[in-house]
Amino acid sequence: MNFLKTIGLAFGFAASVAAAPVMAQSALNEILSEGVLKVGTTGDWNPMSVRDTATNEYVGYDIDIMTQLAADLGVELEMVPTDWKTLVNGVVAGNYHMTGSASISPARLKAAGYSNSYIAVEMFPFTTDDKVANFDGWDSINKEGVKVATTLGTSFEKMVKEWFPNAEIIVVEAPARGFQEVLSGRADVFVTSNIEGSTLLQKFPNVRQVEVSSPRAPTPIAMLLPQTDQVWINYVNSWIELKKTQGFFEETAAKWGL
């Protein structure tokens with residue numbers, strides 16, 4: 001009886017092992033096996049990632065970061081076009097192994113993982129020179145008749161809806177951008193980071209930063225990664241810390257005026 005019982009338990013154990021789900025391969029193994037690092041990027045966040053429509057090539061801070069990561073992995077780099085509203089979905093679906101820079105938010109954390117942060121941003125409001133006299137702080141924007149433009153799926157969309165409940169929020173879908181609505185006169189104000197804001201001030205002479213007592217929502221920036229792939233997350237985090245000690249992130253930020 002004991003022998004039969006032992007045999008039965010052995011068969012039961014074997015069956016349970018066979019029925020157990022096979023652990024998914026890490027993205028790191030896939031990258032090294034296929035020789036390609038796939039990175040999702042929107043190409044519309046200057047100077048982080050900008051796509052040249054004529055050549056379809058990408059340039060920017062993020063691109064330099066990812067180029068170095070791919071080089072250290074010993075693989076090719078493939079930039080995968082995406083947009084803000086599907087940025088997280090692309091990681092979850094496995095369309096790319098990671099994204100370029102994205103602000104860390106509770107909503108995104110529900111579905112995706114993040115790397116360690118390597119840069120931070122803070123938010124400011126902007127308008128055009130013909131309207132800048134109408135605004136003298138955050139509260140002056142939160143009024144009926146004021147149109148605040150933002151881009152669907154960005155962290156800014158949620159922010160402006162919370163900050164300006166009395167204003168009219170105009171949400172546009174990429175490749176359109178909130179700042180373009182203001183430049184065209186269809187909206188009055190847009191909110192963006194100090195990083196993008198500084199480049200827009202240089203690029204468009206009629207853009208003006210609204211004077212505020214202090215910026216809002218200081219936010220760490222990191223790469224989005226598959227939530228449950230701890231092997232890949234550990235590799236990226238260790239790489240980030242190594243590059244920080246070598247001064248790589250500081251040098252790259254200085255190159256792009258960050």
# chains A, B, ... in the order shown; residues from 1 in each chain; ligands from 1

$ select_by_dssp --residues "range 76-232 of chain A" --states "alpha helix (DSSP H)" --output "JSON list (two decimals) with all heavy atoms, in the first residue's frame"
[["chain", "number", "residue", "atom", "x", "y", "z"],
["A", 87, "LEU", "N", 1.30, 54.26, -25.43],
["A", 87, "LEU", "CA", 2.68, 54.02, -24.99],
["A", 87, "LEU", "C", 2.77, 52.82, -24.05],
["A", 87, "LEU", "O", 3.60, 51.92, -24.23],
["A", 87, "LEU", "CB", 3.22, 55.27, -24.30],
["A", 87, "LEU", "CG", 4.71, 55.29, -24.00],
["A", 87, "LEU", "CD1", 5.52, 55.35, -25.29],
["A", 87, "LEU", "CD2", 5.05, 56.50, -23.10],
["A", 88, "VAL", "N", 1.90, 52.79, -23.03],
["A", 88, "VAL", "CA", 1.91, 51.70, -22.06],
["A", 88, "VAL", "C", 1.44, 50.40, -22.71],
["A", 88, "VAL", "O", 2.03, 49.33, -22.49],
["A", 88, "VAL", "CB", 1.02, 52.04, -20.85],
["A", 88, "VAL", "CG1", 0.88, 50.83, -19.93],
["A", 88, "VAL", "CG2", 1.61, 53.22, -20.08],
["A", 89, "ASN", "N", 0.39, 50.48, -23.52],
["A", 89, "ASN", "CA", -0.15, 49.29, -24.17],
["A", 89, "ASN", "C", 0.90, 48.58, -25.02],
["A", 89, "ASN", "O", 0.91, 47.35, -25.11],
["A", 89, "ASN", "CB", -1.35, 49.65, -25.05],
["A", 89, "ASN", "CG", -2.54, 50.10, -24.24],
["A", 89, "ASN", "OD1", -2.62, 49.83, -23.04],
["A", 89, "ASN", "ND2", -3.47, 50.81, -24.86],
["A", 90, "GLY", "N", 1.78, 49.35, -25.63],
["A", 90, "GLY", "CA", 2.82, 48.76, -26.46],
["A", 90, "GLY", "C", 3.80, 47.92, -25.67],
["A", 90, "GLY", "O", 4.27, 46.89, -26.14],
["A", 91, "VAL", "N", 4.11, 48.37, -24.45],
["A", 91, "VAL", "CA", 4.99, 47.59, -23.57],
["A", 91, "VAL", "C", 4.27, 46.32, -23.12],
["A", 91, "VAL", "O", 4.83, 45.22, -23.15],
["A", 91, "VAL", "CB", 5.42, 48.42, -22.34],
["A", 91, "VAL", "CG1", 6.16, 47.54, -21.33],
["A", 91, "VAL", "CG2", 6.30, 49.57, -22.75],
["A", 92, "VAL", "N", 3.02, 46.48, -22.70],
["A", 92, "VAL", "CA", 2.24, 45.33, -22.20],
["A", 92, "VAL", "C", 2.07, 44.28, -23.30],
["A", 92, "VAL", "O", 2.17, 43.07, -23.05],
["A", 92, "VAL", "CB", 0.86, 45.80, -21.69],
["A", 92, "VAL", "CG1", -0.01, 44.61, -21.31],
["A", 92, "VAL", "CG2", 1.03, 46.74, -20.50],
["A", 93, "ALA", "N", 1.83, 44.73, -24.54],
["A", 93, "ALA", "CA", 1.60, 43.81, -25.65],
["A", 93, "ALA", "C", 2.89, 43.23, -26.23],
["A", 93, "ALA", "O", 2.84, 42.32, -27.05],
["A", 93, "ALA", "CB", 0.83, 44.52, -26.76],
["A", 106, "PRO", "N", 0.98, 57.13, -11.24],
["A", 106, "PRO", "CA", 0.26, 55.99, -10.67],
["A", 106, "PRO", "C", -0.54, 55.22, -11.69],
["A", 106, "PRO", "O", -0.63, 53.99, -11.62],
["A", 106, "PRO", "CB", -0.65, 56.65, -9.62],
["A", 106, "PRO", "CG", 0.07, 57.90, -9.23],
["A", 106, "PRO", "CD", 0.71, 58.38, -10.50],
["A", 107, "ALA", "N", -1.11, 55.93, -12.67],
["A", 107, "ALA", "CA", -1.92, 55.25, -13.69],
["A", 107, "ALA", "C", -1.08, 54.30, -14.51],
["A", 107, "ALA", "O", -1.47, 53.15, -14.77],
["A", 107, "ALA", "CB", -2.59, 56.28, -14.59],
["A", 108, "ARG", "N", 0.10, 54.73, -14.92],
["A", 108, "ARG", "CA", 0.97, 53.88, -15.72],
["A", 108, "ARG", "C", 1.54, 52.73, -14.89],
["A", 108, "ARG", "O", 1.76, 51.62, -15.40],
["A", 108, "ARG", "CB", 2.12, 54.71, -16.31],
["A", 108, "ARG", "CG", 1.67, 55.65, -17.43],
["A", 108, "ARG", "CD", 2.77, 56.61, -17.84],
["A", 108, "ARG", "NE", 2.39, 57.41, -19.00],
["A", 108, "ARG", "CZ", 3.01, 58.51, -19.39],
["A", 108, "ARG", "NH1", 4.06, 58.95, -18.70],
["A", 108, "ARG", "NH2", 2.60, 59.18, -20.45],
["A", 109, "LEU", "N", 1.76, 52.99, -13.60],
["A", 109, "LEU", "CA", 2.30, 51.95, -12.73],
["A", 109, "LEU", "C", 1.36, 50.76, -12.56],
["A", 109, "LEU", "O", 1.79, 49.67, -12.20],
["A", 109, "LEU", "CB", 2.60, 52.55, -11.35],
["A", 109, "LEU", "CG", 3.90, 53.36, -11.23],
["A", 109, "LEU", "CD1", 3.89, 54.15, -9.93],
["A", 109, "LEU", "CD2", 5.12, 52.45, -11.31],
["A", 155, "SER", "N", 0.64, 62.74, -19.64],
["A", 155, "SER", "CA", 0.43, 63.04, -18.22],
["A", 155, "SER", "C", -0.16, 64.43, -18.05],
["A", 155, "SER", "O", -0.87, 64.71, -17.07],
["A", 155, "SER", "CB", 1.74, 62.91, -17.45],
["A", 155, "SER", "OG", 2.74, 63.75, -17.99],
["A", 156, "PHE", "N", 0.11, 65.32, -19.02],
["A", 156, "PHE", "CA", -0.41, 66.68, -18.94],
["A", 156, "PHE", "C", -1.94, 66.70, -19.05],
["A", 156, "PHE", "O", -2.59, 67.58, -18.47],
["A", 156, "PHE", "CB", 0.18, 67.55, -20.06],
["A", 156, "PHE", "CG", 1.68, 67.55, -20.09],
["A", 156, "PHE", "CD1", 2.36, 67.06, -21.19],
["A", 156, "PHE", "CD2", 2.41, 68.01, -19.02],
["A", 156, "PHE", "CE1", 3.74, 67.04, -21.22],
["A", 156, "PHE", "CE2", 3.80, 68.00, -19.03],
["A", 156, "PHE", "CZ", 4.46, 67.52, -20.13],
["A", 157, "GLU", "N", -2.51, 65.77, -19.78],
["A", 157, "GLU", "CA", -3.97, 65.73, -19.93],
["A", 157, "GLU", "C", -4.65, 65.61, -18.57],
["A", 157, "GLU", "O", -5.58, 66.37, -18.25],
["A", 157, "GLU", "CB", -4.38, 64.57, -20.84],
["A", 157, "GLU", "CG", -5.90, 64.48, -21.02],
["A", 157, "GLU", "CD", -6.35, 63.21, -21.71],
["A", 157, "GLU", "OE1", -5.50, 62.35, -22.02],
["A", 157, "GLU", "OE2", -7.57, 63.07, -21.92],
["A", 158, "LYS", "N", -4.20, 64.68, -17.77],
["A", 158, "LYS", "CA", -4.78, 64.48, -16.44],
["A", 158, "LYS", "C", -4.54, 65.70, -15.55],
["A", 158, "LYS", "O", -5.42, 66.12, -14.79],
["A", 158, "LYS", "CB", -4.19, 63.22, -15.80],
["A", 158, "LYS", "CG", -4.81, 62.84, -14.47],
["A", 158, "LYS", "CD", -4.25, 61.50, -13.99],
["A", 158, "LYS", "CE", -4.95, 61.04, -12.70],
["A", 158, "LYS", "NZ", -4.62, 61.90, -11.56],
["A", 159, "MET", "N", -3.35, 66.26, -15.63],
["A", 159, "MET", "CA", -3.00, 67.41, -14.80],
["A", 159, "MET", "C", -3.91, 68.60, -15.06],
["A", 159, "MET", "O", -4.47, 69.18, -14.13],
["A", 159, "MET", "CB", -1.54, 67.81, -15.05],
["A", 159, "MET", "CG", -0.52, 66.84, -14.52],
["A", 159, "MET", "SD", 1.16, 67.36, -14.99],
["A", 159, "MET", "CE", 2.11, 65.94, -14.46],
["A", 160, "VAL", "N", -4.06, 68.98, -16.33],
["A", 160, "VAL", "CA", -4.84, 70.20, -16.62],
["A", 160, "VAL", "C", -6.31, 70.01, -16.27],
["A", 160, "VAL", "O", -6.98, 70.97, -15.88],
["A", 160, "VAL", "CB", -4.65, 70.64, -18.09],
["A", 160, "VAL", "CG1", -3.20, 70.96, -18.38],
["A", 160, "VAL", "CG2", -5.18, 69.60, -19.07],
["A", 161, "LYS", "N", -6.80, 68.80, -16.42],
["A", 161, "LYS", "CA", -8.21, 68.55, -16.04],
["A", 161, "LYS", "C", -8.41, 68.70, -14.54],
["A", 161, "LYS", "O", -9.48, 69.15, -14.09],
["A", 161, "LYS", "CB", -8.63, 67.15, -16.51],
["A", 161, "LYS", "CG", -8.82, 67.04, -18.01],
["A", 161, "LYS", "CD", -9.21, 65.63, -18.43],
["A", 161, "LYS", "CE", -9.46, 65.55, -19.94],
["A", 161, "LYS", "NZ", -9.78, 64.18, -20.39],
["A", 162, "GLU", "N", -7.40, 68.34, -13.76],
["A", 162, "GLU", "CA", -7.48, 68.50, -12.31],
["A", 162, "GLU", "C", -7.22, 69.94, -11.88],
["A", 162, "GLU", "O", -7.88, 70.45, -10.97],
["A", 162, "GLU", "CB", -6.46, 67.58, -11.63],
["A", 162, "GLU", "CG", -6.79, 66.10, -11.73],
["A", 162, "GLU", "CD", -5.74, 65.23, -11.05],
["A", 162, "GLU", "OE1", -4.68, 65.77, -10.66],
["A", 162, "GLU", "OE2", -5.97, 64.02, -10.93],
["A", 163, "TRP", "N", -6.27, 70.59, -12.52],
["A", 163, "TRP", "CA", -5.87, 71.93, -12.11],
["A", 163, "TRP", "C", -6.83, 73.03, -12.55],
["A", 163, "TRP", "O", -6.96, 74.04, -11.87],
["A", 163, "TRP", "CB", -4.48, 72.24, -12.67],
["A", 163, "TRP", "CG", -3.38, 71.38, -12.13],
["A", 163, "TRP", "CD1", -3.44, 70.54, -11.05],
["A", 163, "TRP", "CD2", -2.05, 71.25, -12.66],
["A", 163, "TRP", "NE1", -2.24, 69.91, -10.86],
["A", 163, "TRP", "CE2", -1.37, 70.32, -11.83],
["A", 163, "TRP", "CE3", -1.37, 71.82, -13.73],
["A", 163, "TRP", "CZ2", -0.04, 69.96, -12.05],
["A", 163, "TRP", "CZ3", -0.05, 71.46, -13.96],
["A", 163, "TRP", "CH2", 0.61, 70.54, -13.12],
["A", 178, "GLY", "N", -0.78, 69.90, -28.07],
["A", 178, "GLY", "CA", -1.48, 70.99, -27.39],
["A", 178, "GLY", "C", -0.89, 72.35, -27.71],
["A", 178, "GLY", "O", -1.63, 73.32, -27.92],
["A", 179, "PHE", "N", 0.43, 72.44, -27.75],
["A", 179, "PHE", "CA", 1.04, 73.75, -28.01],
["A", 179, "PHE", "C", 0.70, 74.27, -29.40],
["A", 179, "PHE", "O", 0.64, 75.49, -29.62],
["A", 179, "PHE", "CB", 2.57, 73.69, -27.80],
["A", 179, "PHE", "CG", 3.34, 72.98, -28.87],
["A", 179, "PHE", "CD1", 3.70, 73.64, -30.04],
["A", 179, "PHE", "CD2", 3.75, 71.66, -28.70],
["A", 179, "PHE", "CE1", 4.44, 72.98, -31.02],
["A", 179, "PHE", "CE2", 4.49, 71.01, -29.66],
["A", 179, "PHE", "CZ", 4.83, 71.66, -30.83],
["A", 180, "GLN", "N", 0.45, 73.37, -30.35],
["A", 180, "GLN", "CA", 0.08, 73.81, -31.69],
["A", 180, "GLN", "C", -1.29, 74.49, -31.70],
["A", 180, "GLN", "O", -1.53, 75.41, -32.48],
["A", 180, "GLN", "CB", 0.09, 72.61, -32.64],
["A", 180, "GLN", "CG", 1.47, 72.02, -32.86],
["A", 180, "GLN", "CD", 1.45, 70.70, -33.62],
["A", 180, "GLN", "OE1", 0.44, 69.99, -33.62],
["A", 180, "GLN", "NE2", 2.55, 70.35, -34.24],
["A", 181, "GLU", "N", -2.19, 74.04, -30.82],
["A", 181, "GLU", "CA", -3.50, 74.67, -30.70],
["A", 181, "GLU", "C", -3.36, 76.10, -30.21],
["A", 181, "GLU", "O", -4.09, 77.00, -30.65],
["A", 181, "GLU", "CB", -4.38, 73.87, -29.74],
["A", 181, "GLU", "CG", -4.75, 72.48, -30.23],
["A", 181, "GLU", "CD", -5.58, 72.54, -31.50],
["A", 181, "GLU", "OE1", -6.71, 73.05, -31.44],
["A", 181, "GLU", "OE2", -5.09, 72.06, -32.54],
["A", 182, "VAL", "N", -2.42, 76.33, -29.30],
["A", 182, "VAL", "CA", -2.19, 77.68, -28.79],
["A", 182, "VAL", "C", -1.53, 78.55, -29.86],
["A", 182, "VAL", "O", -1.91, 79.70, -30.06],
["A", 182, "VAL", "CB", -1.32, 77.63, -27.52],
["A", 182, "VAL", "CG1", -0.96, 79.03, -27.04],
["A", 182, "VAL", "CG2", -2.07, 76.88, -26.42],
["A", 183, "LEU", "N", -0.56, 78.01, -30.57],
["A", 183, "LEU", "CA", 0.11, 78.76, -31.63],
["A", 183, "LEU", "C", -0.86, 79.16, -32.74],
["A", 183, "LEU", "O", -0.73, 80.23, -33.35],
["A", 183, "LEU", "CB", 1.26, 77.94, -32.22],
["A", 183, "LEU", "CG", 2.50, 77.78, -31.34],
["A", 183, "LEU", "CD1", 3.48, 76.81, -31.97],
["A", 183, "LEU", "CD2", 3.17, 79.13, -31.13],
["A", 194, "ASN", "N", 9.45, 71.83, -18.09],
["A", 194, "ASN", "CA", 10.52, 72.80, -18.30],
["A", 194, "ASN", "C", 11.43, 72.36, -19.44],
["A", 194, "ASN", "O", 12.00, 73.20, -20.15],
["A", 194, "ASN", "CB", 11.34, 72.97, -17.02],
["A", 194, "ASN", "CG", 11.91, 71.66, -16.49],
["A", 194, "ASN", "OD1", 11.21, 70.66, -16.37],
["A", 194, "ASN", "ND2", 13.19, 71.65, -16.17],
["A", 195, "ILE", "N", 11.55, 71.04, -19.65],
["A", 195, "ILE", "CA", 12.41, 70.53, -20.72],
["A", 195, "ILE", "C", 11.86, 70.91, -22.09],
["A", 195, "ILE", "O", 12.55, 71.54, -22.90],
["A", 195, "ILE", "CB", 12.55, 69.00, -20.60],
["A", 195, "ILE", "CG1", 13.42, 68.64, -19.40],
["A", 195, "ILE", "CG2", 13.15, 68.40, -21.87],
["A", 195, "ILE", "CD1", 13.58, 67.16, -19.16],
["A", 196, "GLU", "N", 10.61, 70.54, -22.36],
["A", 196, "GLU", "CA", 10.03, 70.88, -23.66],
["A", 196, "GLU", "C", 9.79, 72.38, -23.78],
["A", 196, "GLU", "O", 9.98, 72.97, -24.84],
["A", 196, "GLU", "CB", 8.72, 70.13, -23.88],
["A", 196, "GLU", "CG", 8.12, 70.42, -25.26],
["A", 196, "GLU", "CD", 6.88, 69.60, -25.55],
["A", 196, "GLU", "OE1", 5.97, 69.57, -24.70],
["A", 196, "GLU", "OE2", 6.84, 68.99, -26.64],
["A", 197, "GLY", "N", 9.39, 73.00, -22.67],
["A", 197, "GLY", "CA", 9.11, 74.43, -22.70],
["A", 197, "GLY", "C", 10.30, 75.25, -23.15],
["A", 197, "GLY", "O", 10.16, 76.20, -23.93],
["A", 198, "SER", "N", 11.48, 74.90, -22.68],
["A", 198, "SER", "CA", 12.67, 75.66, -23.05],
["A", 198, "SER", "C", 12.96, 75.57, -24.54],
["A", 198, "SER", "O", 13.38, 76.54, -25.18],
["A", 198, "SER", "CB", 13.88, 75.17, -22.26],
["A", 198, "SER", "OG", 14.19, 73.82, -22.56],
["A", 199, "THR", "N", 12.71, 74.41, -25.14],
["A", 199, "THR", "CA", 12.94, 74.26, -26.58],
["A", 199, "THR", "C", 11.89, 75.01, -27.39],
["A", 199, "THR", "O", 12.20, 75.57, -28.45],
["A", 199, "THR", "CB", 12.93, 72.77, -26.99],
["A", 199, "THR", "OG1", 11.64, 72.22, -26.75],
["A", 199, "THR", "CG2", 13.95, 71.98, -26.19],
["A", 200, "LEU", "N", 10.65, 75.04, -26.90],
["A", 200, "LEU", "CA", 9.59, 75.76, -27.61],
["A", 200, "LEU", "C", 9.82, 77.27, -27.54],
["A", 200, "LEU", "O", 9.53, 77.98, -28.51],
["A", 200, "LEU", "CB", 8.22, 75.40, -27.03],
["A", 200, "LEU", "CG", 7.77, 73.95, -27.24],
["A", 200, "LEU", "CD1", 6.45, 73.69, -26.52],
["A", 200, "LEU", "CD2", 7.62, 73.63, -28.73],
["A", 201, "LEU", "N", 10.33, 77.75, -26.43],
["A", 201, "LEU", "CA", 10.65, 79.18, -26.32],
["A", 201, "LEU", "C", 11.71, 79.58, -27.33],
["A", 201, "LEU", "O", 11.68, 80.69, -27.88],
["A", 201, "LEU", "CB", 11.13, 79.50, -24.90],
["A", 201, "LEU", "CG", 10.06, 79.49, -23.80],
["A", 201, "LEU", "CD1", 10.71, 79.58, -22.42],
["A", 201, "LEU", "CD2", 9.06, 80.63, -23.99],
["A", 202, "GLN", "N", 12.66, 78.69, -27.58],
["A", 202, "GLN", "CA", 13.71, 78.97, -28.55],
["A", 202, "GLN", "C", 13.20, 78.86, -29.98],
["A", 202, "GLN", "O", 13.57, 79.65, -30.86],
["A", 202, "GLN", "CB", 14.88, 78.01, -28.34],
["A", 202, "GLN", "CG", 15.61, 78.19, -27.02],
["A", 202, "GLN", "CD", 16.69, 77.14, -26.83],
["A", 202, "GLN", "OE1", 17.01, 76.37, -27.73],
["A", 202, "GLN", "NE2", 17.27, 77.10, -25.64],
["A", 203, "LYS", "N", 12.32, 77.90, -30.21],
["A", 203, "LYS", "CA", 11.86, 77.62, -31.58],
["A", 203, "LYS", "C", 10.81, 78.61, -32.04],
["A", 203, "LYS", "O", 10.78, 78.98, -33.23],
["A", 203, "LYS", "CB", 11.30, 76.20, -31.64],
["A", 203, "LYS", "CG", 10.92, 75.75, -33.04],
["A", 203, "LYS", "CD", 10.51, 74.28, -33.04],
["A", 203, "LYS", "CE", 10.18, 73.80, -34.45],
["A", 203, "LYS", "NZ", 9.79, 72.37, -34.47],
["A", 230, "GLN", "N", 11.36, 40.96, -14.05],
["A", 230, "GLN", "CA", 12.34, 41.48, -13.12],
["A", 230, "GLN", "C", 13.77, 41.32, -13.61],
["A", 230, "GLN", "O", 14.65, 42.13, -13.28],
["A", 230, "GLN", "CB", 12.19, 40.80, -11.76],
["A", 230, "GLN", "CG", 12.83, 41.56, -10.61],
["A", 230, "GLN", "CD", 12.29, 42.96, -10.45],
["A", 230, "GLN", "OE1", 11.07, 43.15, -10.36],
["A", 230, "GLN", "NE2", 13.17, 43.95, -10.44],
["A", 231, "VAL", "N", 14.03, 40.31, -14.42],
["A", 231, "VAL", "CA", 15.37, 40.12, -14.98],
["A", 231, "VAL", "C", 15.76, 41.30, -15.84],
["A", 231, "VAL", "O", 16.86, 41.87, -15.70],
["A", 231, "VAL", "CB", 15.43, 38.81, -15.80],
["A", 231, "VAL", "CG1", 16.77, 38.71, -16.55],
["A", 231, "VAL", "CG2", 15.26, 37.60, -14.90],
["A", 232, "TRP", "N", 14.87, 41.72, -16.71],
["A", 232, "TRP", "CA", 15.12, 42.85, -17.62],
["A", 232, "TRP", "C", 15.17, 44.16, -16.83],
["A", 232, "TRP", "O", 16.03, 45.02, -17.07],
["A", 232, "TRP", "CB", 14.05, 42.88, -18.69],
["A", 232, "TRP", "CG", 14.09, 43.96, -19.72],
["A", 232, "TRP", "CD1", 13.02, 44.63, -20.22],
["A", 232, "TRP", "CD2", 15.23, 44.47, -20.44],
["A", 232, "TRP", "NE1", 13.41, 45.53, -21.18],
["A", 232, "TRP", "CE2", 14.76, 45.45, -21.33],
["A", 232, "TRP", "CE3", 16.59, 44.20, -20.40],
["A", 232, "TRP", "CZ2", 15.60, 46.17, -22.19],
["A", 232, "TRP", "CZ3", 17.44, 44.91, -21.25],
["A", 232, "TRP", "CH2", 16.94, 45.88, -22.12]]

$ residues_around --residues "range 148-150 of chain A" --least-positions-apart "5" --cutoff "6 Å" --atoms "only C-alpha atoms" --output "list in words"
Glu157, Ile169, Ile170, Val171, Gly178, Ala187, Asp188, Val189 and Phe190 of chain A

$ write_last_selection --atoms "N, CA, C and O atoms" --output "mmCIF file, in the first residue's frame"
data_model
loop_
_atom_site.group_PDB
_atom_site.id
_atom_site.type_symbol
_atom_site.label_atom_id
_atom_site.label_comp_id
_atom_site.auth_asym_id
_atom_site.auth_seq_id
_atom_site.Cartn_x
_atom_site.Cartn_y
_atom_site.Cartn_z
ATOM 1 N N GLU A 157 -2.512 65.767 -19.782
ATOM 2 C CA GLU A 157 -3.968 65.734 -19.932
ATOM 3 C C GLU A 157 -4.648 65.614 -18.573
ATOM 4 O O GLU A 157 -5.577 66.372 -18.249
ATOM 5 N N ILE A 169 -11.146 72.598 -21.451
ATOM 6 C CA ILE A 169 -9.988 71.764 -21.801
ATOM 7 C C ILE A 169 -10.170 71.223 -23.216
ATOM 8 O O ILE A 169 -11.154 70.548 -23.508
ATOM 9 N N ILE A 170 -9.229 71.536 -24.068
ATOM 10 C CA ILE A 170 -9.253 71.069 -25.457
ATOM 11 C C ILE A 170 -8.215 69.952 -25.595
ATOM 12 O O ILE A 170 -7.017 70.184 -25.424
ATOM 13 N N VAL A 171 -8.684 68.743 -25.868
ATOM 14 C CA VAL A 171 -7.799 67.589 -25.988
ATOM 15 C C VAL A 171 -7.631 67.230 -27.458
ATOM 16 O O VAL A 171 -8.616 66.966 -28.155
ATOM 17 N N GLY A 178 -0.783 69.902 -28.069
ATOM 18 C CA GLY A 178 -1.477 70.987 -27.393
ATOM 19 C C GLY A 178 -0.894 72.349 -27.706
ATOM 20 O O GLY A 178 -1.633 73.318 -27.915
ATOM 21 N N ALA A 187 -6.536 77.945 -28.896
ATOM 22 C CA ALA A 187 -6.516 77.800 -27.446
ATOM 23 C C ALA A 187 -5.630 78.894 -26.868
ATOM 24 O O ALA A 187 -4.892 79.584 -27.594
ATOM 25 N N ASP A 188 -5.703 79.056 -25.546
ATOM 26 C CA ASP A 188 -4.992 80.154 -24.891
ATOM 27 C C ASP A 188 -3.728 79.717 -24.164
ATOM 28 O O ASP A 188 -2.745 80.461 -24.123
ATOM 29 N N VAL A 189 -3.763 78.532 -23.565
ATOM 30 C CA VAL A 189 -2.673 78.093 -22.691
ATOM 31 C C VAL A 189 -2.394 76.614 -22.925
ATOM 32 O O VAL A 189 -3.309 75.843 -23.226
ATOM 33 N N PHE A 190 -1.147 76.232 -22.794
ATOM 34 C CA PHE A 190 -0.792 74.813 -22.700
ATOM 35 C C PHE A 190 0.181 74.645 -21.548
ATOM 36 O O PHE A 190 0.859 75.600 -21.139
#

$ closest_residue --among "A:Lys255, A:Pro175, A:Leu224, A:Lys38" --to "Lys110 in chain A" --atoms "only C-alpha atoms"
A:Leu224

$ residues_around --residues "Ala174 in chain A" --least-positions-apart "3" --cutoff "7 Å" --atoms "only C-alpha atoms" --output "ChimeraX atom specification"
/A:83,151,177

$ closest_residue --among "A:Leu242, A:Met123, A:Ala133, A:Leu73" --to "Ser214 in chain A" --atoms "only C-alpha atoms"
A:Met123

$ atom_distance --atom1 "CA of Ala253 in chain A" --atom2 "CA of Ile119 in chain A"
8.7 Å

$ residues_around --residues "range 48-57 of chain A" --least-positions-apart "4" --cutoff "9 Å" --atoms "only C-alpha atoms" --output "PyMOL selection string"
chain A and resi 41-44+61-63+79+100-101+195-196+256

$ atom_distance --atom1 "CA of Pro165 in chain A" --atom2 "CA of Ala111 in chain A"
27.2 Å

$ residues_around --residues "Thr128 in chain A" --least-positions-apart "2" --cutoff "7 Å" --atoms "only C-alpha atoms" --output "PyMOL selection string"
chain A and resi 130-132+183+206-208

$ residues_around --residues "Ser26 in chain A" --least-positions-apart "5" --cutoff "12 Å" --atoms "only C-alpha atoms" --output "PyMOL selection string"
chain A and resi 31-33+94+97+225-235
